[in-house]
$ cat query_1.pdb   # PDB, C-alpha atoms, pLDDT in the B column
MODEL        1
ATOM      1  CA  MET Y  19       5.941 -33.568 -13.453  1.00 49.00           C
ATOM      2  CA  LEU Y  20       6.660 -32.798  -9.821  1.00 46.00           C
ATOM      3  CA  GLU Y  21       9.595 -30.576 -10.837  1.00 49.00           C
ATOM      4  CA  ALA Y  22       7.413 -28.648 -13.301  1.00 47.00           C
ATOM      5  CA  ARG Y  23       4.754 -28.118 -10.659  1.00 45.00           C
ATOM      6  CA  ALA Y  24       7.388 -26.958  -8.138  1.00 43.00           C
ATOM      7  CA  PHE Y  25       8.845 -24.572 -10.746  1.00 45.00           C
ATOM      8  CA  ARG Y  26       5.404 -23.080 -11.492  1.00 48.00           C
ATOM      9  CA  TRP Y  27       4.695 -22.645  -7.767  1.00 44.00           C
ATOM     10  CA  GLU Y  28       8.062 -20.939  -7.133  1.00 48.00           C
ATOM     11  CA  ARG Y  29       7.595 -18.704 -10.176  1.00 51.00           C
ATOM     12  CA  ALA Y  30       4.079 -17.700  -9.054  1.00 47.00           C
ATOM     13  CA  ARG Y  31       5.175 -17.160  -5.445  1.00 49.00           C
ATOM     14  CA  SER Y  32       8.157 -15.067  -6.481  1.00 52.00           C
ATOM     15  CA  GLY Y  33       6.047 -12.772  -8.616  1.00 52.00           C
ATOM     16  CA  GLY Y  34       6.482 -14.385 -12.030  1.00 64.00           C
ATOM     17  CA  GLY Y  35       3.709 -14.394 -14.577  1.00 83.00           C
ATOM     18  CA  ILE Y  36       0.699 -12.239 -15.280  1.00 88.00           C
ATOM     19  CA  ARG Y  37      -1.608 -14.473 -13.281  1.00 89.00           C
ATOM     20  CA  ALA Y  38       0.535 -14.060 -10.166  1.00 86.00           C
ATOM     21  CA  LEU Y  39       0.690 -10.315 -10.735  1.00 82.00           C
ATOM     22  CA  LEU Y  40      -3.084 -10.064 -11.068  1.00 87.00           C
ATOM     23  CA  GLY Y  41      -3.567 -12.242  -7.985  1.00 91.00           C
ATOM     24  CA  GLN Y  42      -1.306  -9.962  -5.999  1.00 91.00           C
ATOM     25  CA  LEU Y  43      -3.084  -6.890  -7.321  1.00 85.00           C
ATOM     26  CA  VAL Y  44      -6.473  -8.316  -6.304  1.00 92.00           C
ATOM     27  CA  ARG Y  45      -5.211  -9.240  -2.832  1.00 95.00           C
ATOM     28  CA  PHE Y  46      -3.572  -5.808  -2.541  1.00 92.00           C
ATOM     29  CA  GLY Y  47      -6.931  -4.311  -3.493  1.00 89.00           C
ATOM     30  CA  VAL Y  48      -8.759  -6.290  -0.820  1.00 95.00           C
ATOM     31  CA  VAL Y  49      -6.190  -5.211   1.770  1.00 94.00           C
ATOM     32  CA  GLY Y  50      -6.502  -1.690   0.399  1.00 85.00           C
ATOM     33  CA  CYS Y  51     -10.259  -1.788   0.930  1.00 91.00           C
ATOM     34  CA  SER Y  52      -9.753  -2.752   4.565  1.00 94.00           C
ATOM     35  CA  ASN Y  53      -7.115  -0.012   4.902  1.00 89.00           C
ATOM     36  CA  THR Y  54      -9.433   2.486   3.238  1.00 85.00           C
ATOM     37  CA  ALA Y  55     -12.328   1.590   5.503  1.00 94.00           C
ATOM     38  CA  LEU Y  56     -10.138   1.887   8.572  1.00 95.00           C
ATOM     39  CA  SER Y  57      -8.435   5.090   7.391  1.00 93.00           C
ATOM     40  CA  TRP Y  58     -11.688   6.631   6.212  1.00 92.00           C
ATOM     41  CA  CYS Y  59     -13.382   6.058   9.581  1.00 96.00           C
ATOM     42  CA  VAL Y  60     -10.417   7.444  11.521  1.00 96.00           C
ATOM     43  CA  TYR Y  61     -10.145  10.414   9.131  1.00 96.00           C
ATOM     44  CA  ALA Y  62     -13.865  11.224   9.306  1.00 97.00           C
ATOM     45  CA  LEU Y  63     -13.888  11.019  13.109  1.00 97.00           C
ATOM     46  CA  LEU Y  64     -10.847  13.265  13.415  1.00 97.00           C
ATOM     47  CA  VAL Y  65     -12.132  15.855  10.914  1.00 97.00           C
ATOM     48  CA  ARG Y  66     -15.532  15.811  12.619  1.00 97.00           C
ATOM     49  CA  SER Y  67     -13.831  16.411  15.965  1.00 98.00           C
ATOM     50  CA  GLY Y  68     -12.197  19.535  14.539  1.00 97.00           C
ATOM     51  CA  MET Y  69      -8.732  18.308  13.592  1.00 97.00           C
ATOM     52  CA  HIS Y  70      -7.133  19.939  10.514  1.00 96.00           C
ATOM     53  CA  VAL Y  71      -7.668  17.805   7.401  1.00 95.00           C
ATOM     54  CA  LEU Y  72      -3.964  17.280   6.687  1.00 92.00           C
ATOM     55  CA  PHE Y  73      -3.124  16.159  10.209  1.00 95.00           C
ATOM     56  CA  ALA Y  74      -6.238  13.973  10.315  1.00 96.00           C
ATOM     57  CA  SER Y  75      -5.199  12.398   7.018  1.00 91.00           C
ATOM     58  CA  ALA Y  76      -1.682  11.683   8.308  1.00 91.00           C
ATOM     59  CA  VAL Y  77      -3.016  10.008  11.463  1.00 95.00           C
ATOM     60  CA  ALA Y  78      -5.567   8.001   9.472  1.00 94.00           C
ATOM     61  CA  TRP Y  79      -2.893   7.003   6.940  1.00 83.00           C
ATOM     62  CA  THR Y  80      -0.735   5.650   9.770  1.00 89.00           C
ATOM     63  CA  PHE Y  81      -3.512   3.366  10.993  1.00 92.00           C
ATOM     64  CA  GLY Y  82      -4.052   2.100   7.454  1.00 90.00           C
ATOM     65  CA  ALA Y  83      -0.309   1.614   6.920  1.00 85.00           C
ATOM     66  CA  LEU Y  84       0.052  -0.618   9.973  1.00 89.00           C
ATOM     67  CA  ASN Y  85      -2.884  -2.731   8.856  1.00 92.00           C
ATOM     68  CA  SER Y  86      -1.414  -2.821   5.359  1.00 90.00           C
ATOM     69  CA  PHE Y  87       2.019  -4.031   6.438  1.00 94.00           C
ATOM     70  CA  VAL Y  88       0.685  -6.986   8.366  1.00 94.00           C
ATOM     71  CA  LEU Y  89      -1.849  -8.112   5.755  1.00 96.00           C
ATOM     72  CA  ASN Y  90       0.281  -7.453   2.667  1.00 94.00           C
ATOM     73  CA  ARG Y  91       3.352  -9.111   4.085  1.00 94.00           C
ATOM     74  CA  ARG Y  92       1.519 -12.270   5.108  1.00 93.00           C
ATOM     75  CA  TRP Y  93      -1.216 -12.561   2.479  1.00 94.00           C
ATOM     76  CA  THR Y  94      -0.626 -10.423  -0.603  1.00 93.00           C
ATOM     77  CA  PHE Y  95       3.096 -10.976  -1.159  1.00 91.00           C
ATOM     78  CA  ARG Y  96       3.500 -14.041   1.094  1.00 90.00           C
ATOM     79  CA  SER Y  97       6.868 -12.756   2.138  1.00 89.00           C
ATOM     80  CA  ARG Y  98       9.352 -14.967   3.889  1.00 85.00           C
ATOM     81  CA  GLY Y  99      12.007 -12.308   4.089  1.00 86.00           C
ATOM     82  CA  ARG Y 100      13.329 -10.773   7.250  1.00 88.00           C
ATOM     83  CA  TRP Y 101      10.604  -8.530   8.630  1.00 86.00           C
ATOM     84  CA  THR Y 102      12.836  -5.692   9.881  1.00 91.00           C
ATOM     85  CA  PRO Y 103      14.267  -4.692   6.476  1.00 92.00           C
ATOM     86  CA  GLU Y 104      10.823  -5.177   4.937  1.00 93.00           C
ATOM     87  CA  LEU Y 105       9.249  -2.974   7.579  1.00 92.00           C
ATOM     88  CA  LEU Y 106      11.819  -0.246   6.906  1.00 95.00           C
ATOM     89  CA  ARG Y 107      11.313  -0.434   3.129  1.00 95.00           C
ATOM     90  CA  PHE Y 108       7.545  -0.585   3.614  1.00 94.00           C
ATOM     91  CA  ALA Y 109       7.732   2.488   5.873  1.00 94.00           C
ATOM     92  CA  ALA Y 110       9.624   4.333   3.126  1.00 96.00           C
ATOM     93  CA  VAL Y 111       6.952   3.331   0.592  1.00 95.00           C
ATOM     94  CA  GLN Y 112       4.214   4.483   2.950  1.00 88.00           C
ATOM     95  CA  CYS Y 113       5.983   7.791   3.545  1.00 92.00           C
ATOM     96  CA  ALA Y 114       6.180   8.345  -0.206  1.00 95.00           C
ATOM     97  CA  GLY Y 115       2.494   7.448  -0.460  1.00 91.00           C
ATOM     98  CA  LEU Y 116       1.649   9.781   2.405  1.00 88.00           C
ATOM     99  CA  VAL Y 117       3.496  12.687   0.793  1.00 95.00           C
ATOM    100  CA  MET Y 118       1.652  12.020  -2.463  1.00 96.00           C
ATOM    101  CA  ASN Y 119      -1.623  11.762  -0.529  1.00 94.00           C
ATOM    102  CA  LEU Y 120      -1.077  15.037   1.327  1.00 95.00           C
ATOM    103  CA  LEU Y 121       0.008  16.982  -1.767  1.00 97.00           C
ATOM    104  CA  LEU Y 122      -2.997  15.811  -3.766  1.00 97.00           C
ATOM    105  CA  LEU Y 123      -5.368  16.362  -0.837  1.00 96.00           C
ATOM    106  CA  GLU Y 124      -4.074  19.892  -0.310  1.00 96.00           C
ATOM    107  CA  ALA Y 125      -4.421  20.687  -4.006  1.00 97.00           C
ATOM    108  CA  LEU Y 126      -7.971  19.375  -4.150  1.00 97.00           C
ATOM    109  CA  THR Y 127      -9.233  20.939  -0.919  1.00 97.00           C
ATOM    110  CA  ARG Y 128      -7.448  24.291  -1.033  1.00 96.00           C
ATOM    111  CA  ASP Y 129      -6.935  24.941  -4.716  1.00 94.00           C
ATOM    112  CA  ALA Y 130      -9.934  23.188  -6.271  1.00 96.00           C
ATOM    113  CA  GLY Y 131     -12.386  23.655  -3.387  1.00 96.00           C
ATOM    114  CA  VAL Y 132     -13.319  19.967  -3.194  1.00 97.00           C
ATOM    115  CA  HIS Y 133     -14.965  18.803   0.058  1.00 96.00           C
ATOM    116  CA  PRO Y 134     -12.334  17.059   2.250  1.00 95.00           C
ATOM    117  CA  LEU Y 135     -14.110  13.671   2.317  1.00 94.00           C
ATOM    118  CA  VAL Y 136     -14.652  13.678  -1.450  1.00 96.00           C
ATOM    119  CA  ALA Y 137     -11.068  14.801  -2.025  1.00 96.00           C
ATOM    120  CA  GLN Y 138      -9.727  11.930   0.072  1.00 92.00           C
ATOM    121  CA  ALA Y 139     -11.869   9.459  -1.892  1.00 92.00           C
ATOM    122  CA  LEU Y 140     -10.386  10.784  -5.134  1.00 95.00           C
ATOM    123  CA  VAL Y 141      -6.825  10.561  -3.849  1.00 95.00           C
ATOM    124  CA  TYR Y 142      -6.931   6.951  -2.600  1.00 85.00           C
ATOM    125  CA  PRO Y 143      -6.863   5.193  -6.012  1.00 87.00           C
ATOM    126  CA  VAL Y 144      -3.828   7.175  -7.166  1.00 92.00           C
ATOM    127  CA  THR Y 145      -1.807   6.445  -4.051  1.00 89.00           C
ATOM    128  CA  THR Y 146      -2.918   2.799  -4.058  1.00 84.00           C
ATOM    129  CA  LEU Y 147      -1.443   2.106  -7.505  1.00 85.00           C
ATOM    130  CA  ALA Y 148       1.790   3.895  -6.653  1.00 91.00           C
ATOM    131  CA  THR Y 149       2.270   2.056  -3.362  1.00 89.00           C
ATOM    132  CA  PHE Y 150       1.405  -1.318  -4.958  1.00 91.00           C
ATOM    133  CA  ALA Y 151       4.166  -0.912  -7.516  1.00 91.00           C
ATOM    134  CA  LEU Y 152       6.714   0.113  -4.893  1.00 93.00           C
ATOM    135  CA  SER Y 153       5.624  -2.585  -2.434  1.00 93.00           C
ATOM    136  CA  ARG Y 154       5.797  -5.339  -5.012  1.00 91.00           C
ATOM    137  CA  GLN Y 155       9.103  -4.357  -6.564  1.00 90.00           C
ATOM    138  CA  TRP Y 156      10.958  -3.135  -3.514  1.00 92.00           C
ATOM    139  CA  ALA Y 157       9.387  -3.330  -0.046  1.00 93.00           C
ATOM    140  CA  PHE Y 158       8.505  -7.036  -0.160  1.00 90.00           C
ATOM    141  CA  SER Y 159      11.045  -8.213  -2.701  1.00 82.00           C
ATOM    142  CA  THR Y 160      13.822 -10.535  -1.709  1.00 65.00           C
ATOM    143  CA  TYR Y 161      17.193  -8.829  -1.718  1.00 54.00           C
ATOM    144  CA  GLY Y 162      19.456 -10.195  -4.396  1.00 47.00           C
ATOM    145  CA  ARG Y 163      16.702 -11.894  -6.413  1.00 47.00           C
ATOM    146  CA  ALA Y 164      17.216 -11.321 -10.119  1.00 44.00           C
ATOM    147  CA  GLY Y 165      15.267  -8.329 -11.365  1.00 44.00           C
ATOM    148  CA  ARG Y 166      14.701  -6.906  -7.886  1.00 47.00           C
ATOM    149  CA  TRP Y 167      15.893  -3.623  -6.495  1.00 43.00           C
ATOM    150  CA  PRO Y 168      18.586  -3.645  -3.836  1.00 44.00           C
ATOM    151  CA  ALA Y 169      17.591  -3.177  -0.208  1.00 41.00           C
TER     152      ALA Y 169
ENDMDL
END

$ encode --input "query_1.pdb" --output "structure tokens"
Amino acid sequence: MLEARAFRWERARSGGGIRALLGQLVRFGVVGCSNTALSWCVYALLVRSGMHVLFASAVAWTFGALNSFVLNRRWTFRSRGRWTPELLRFAAVQCAGLVMNLLLLEALTRDAGVHPLVAQALVYPVTTLATFALSRQWAFSTYGRAGRWPA
């Protein structure tokens, strides 16, 4: 009985099972909401102060990314890996998310004429799902674990 319970815990902690996946997605969403609130406030303040929307978005994204690393590492994915390689992989994921964010934001504001604040609100869900998948499968995975990408 104790061995079965330990196996279920290790499987859930390591990302096994739909319940664990959904739990991580919910926690990632909660962290994402805090990142969004932080990023949104920074973005709005910078745009209001006259900063170009793309630069303001990059600065705001950076604040959200730092918050995200700390909370996702400790709470969402409960990582026990070495933090330096995880930080580097996480930074790569965030850079990919930032590029996606900026490309979509530029397309919506310049090409489609969407207001910058509305455009950013439309872009966040897309980048959130992309960065969740990359964070779960690569940034916070344990190197060498079966089914995980290499560092």

$ resolve_selection --input "query_1.pdb" --expression "the PyMOL selection byres ((chain Y and resi 151-157) around 7)" --output "VMD selection string"
chain Y and resid 104 107 to 108 111 147 to 150 158 to 159 166 to 167

$ resolve_selection --input "query_1.pdb" --expression "the PyMOL selection byres ((chain Y and resi 75) around 12)" --output "PyMOL selection string"
chain Y and resi 54+56-65+69-74+76-83+115-124+134-135+137-139+141-142

$ atom_distance --input "query_1.pdb" --atom1 "CA of Ala110 (chain Y)" --atom2 "CA of Arg91 (chain Y)"
14.9 Å

$ axis_aligned_box --input "query_1.pdb" --around "region 141-150 of chain Y" --padding-each-side "3 Å" --output "JSON"
{"center_x": -2.3, "center_y": 4.6, "center_z": -5.1, "size_x": 15.2, "size_y": 17.9, "size_z": 10.9}

$ residues_around --input "query_1.pdb" --residues "Thr94 (chain Y)" --least-positions-apart "5" --cutoff "9 Å" --atoms "all atoms listed in the file" --output "PyMOL selection string"
chain Y and resi 41-46+49+89

$ closest_residue --input "query_1.pdb" --among "Y:Gly50, Y:Gly68, Y:Pro143, Y:Gly35" --to "Phe87 (chain Y)" --atoms "only C-alpha atoms"
Y:Gly50

$ atom_distance --input "query_1.pdb" --atom1 "CA of Ala125 (chain Y)" --atom2 "CA of Asn85 (chain Y)"
26.8 Å

$ atom_distance --input "query_1.pdb" --atom1 "CA of Leu84 (chain Y)" --atom2 "CA of Leu140 (chain Y)"
21.6 Å
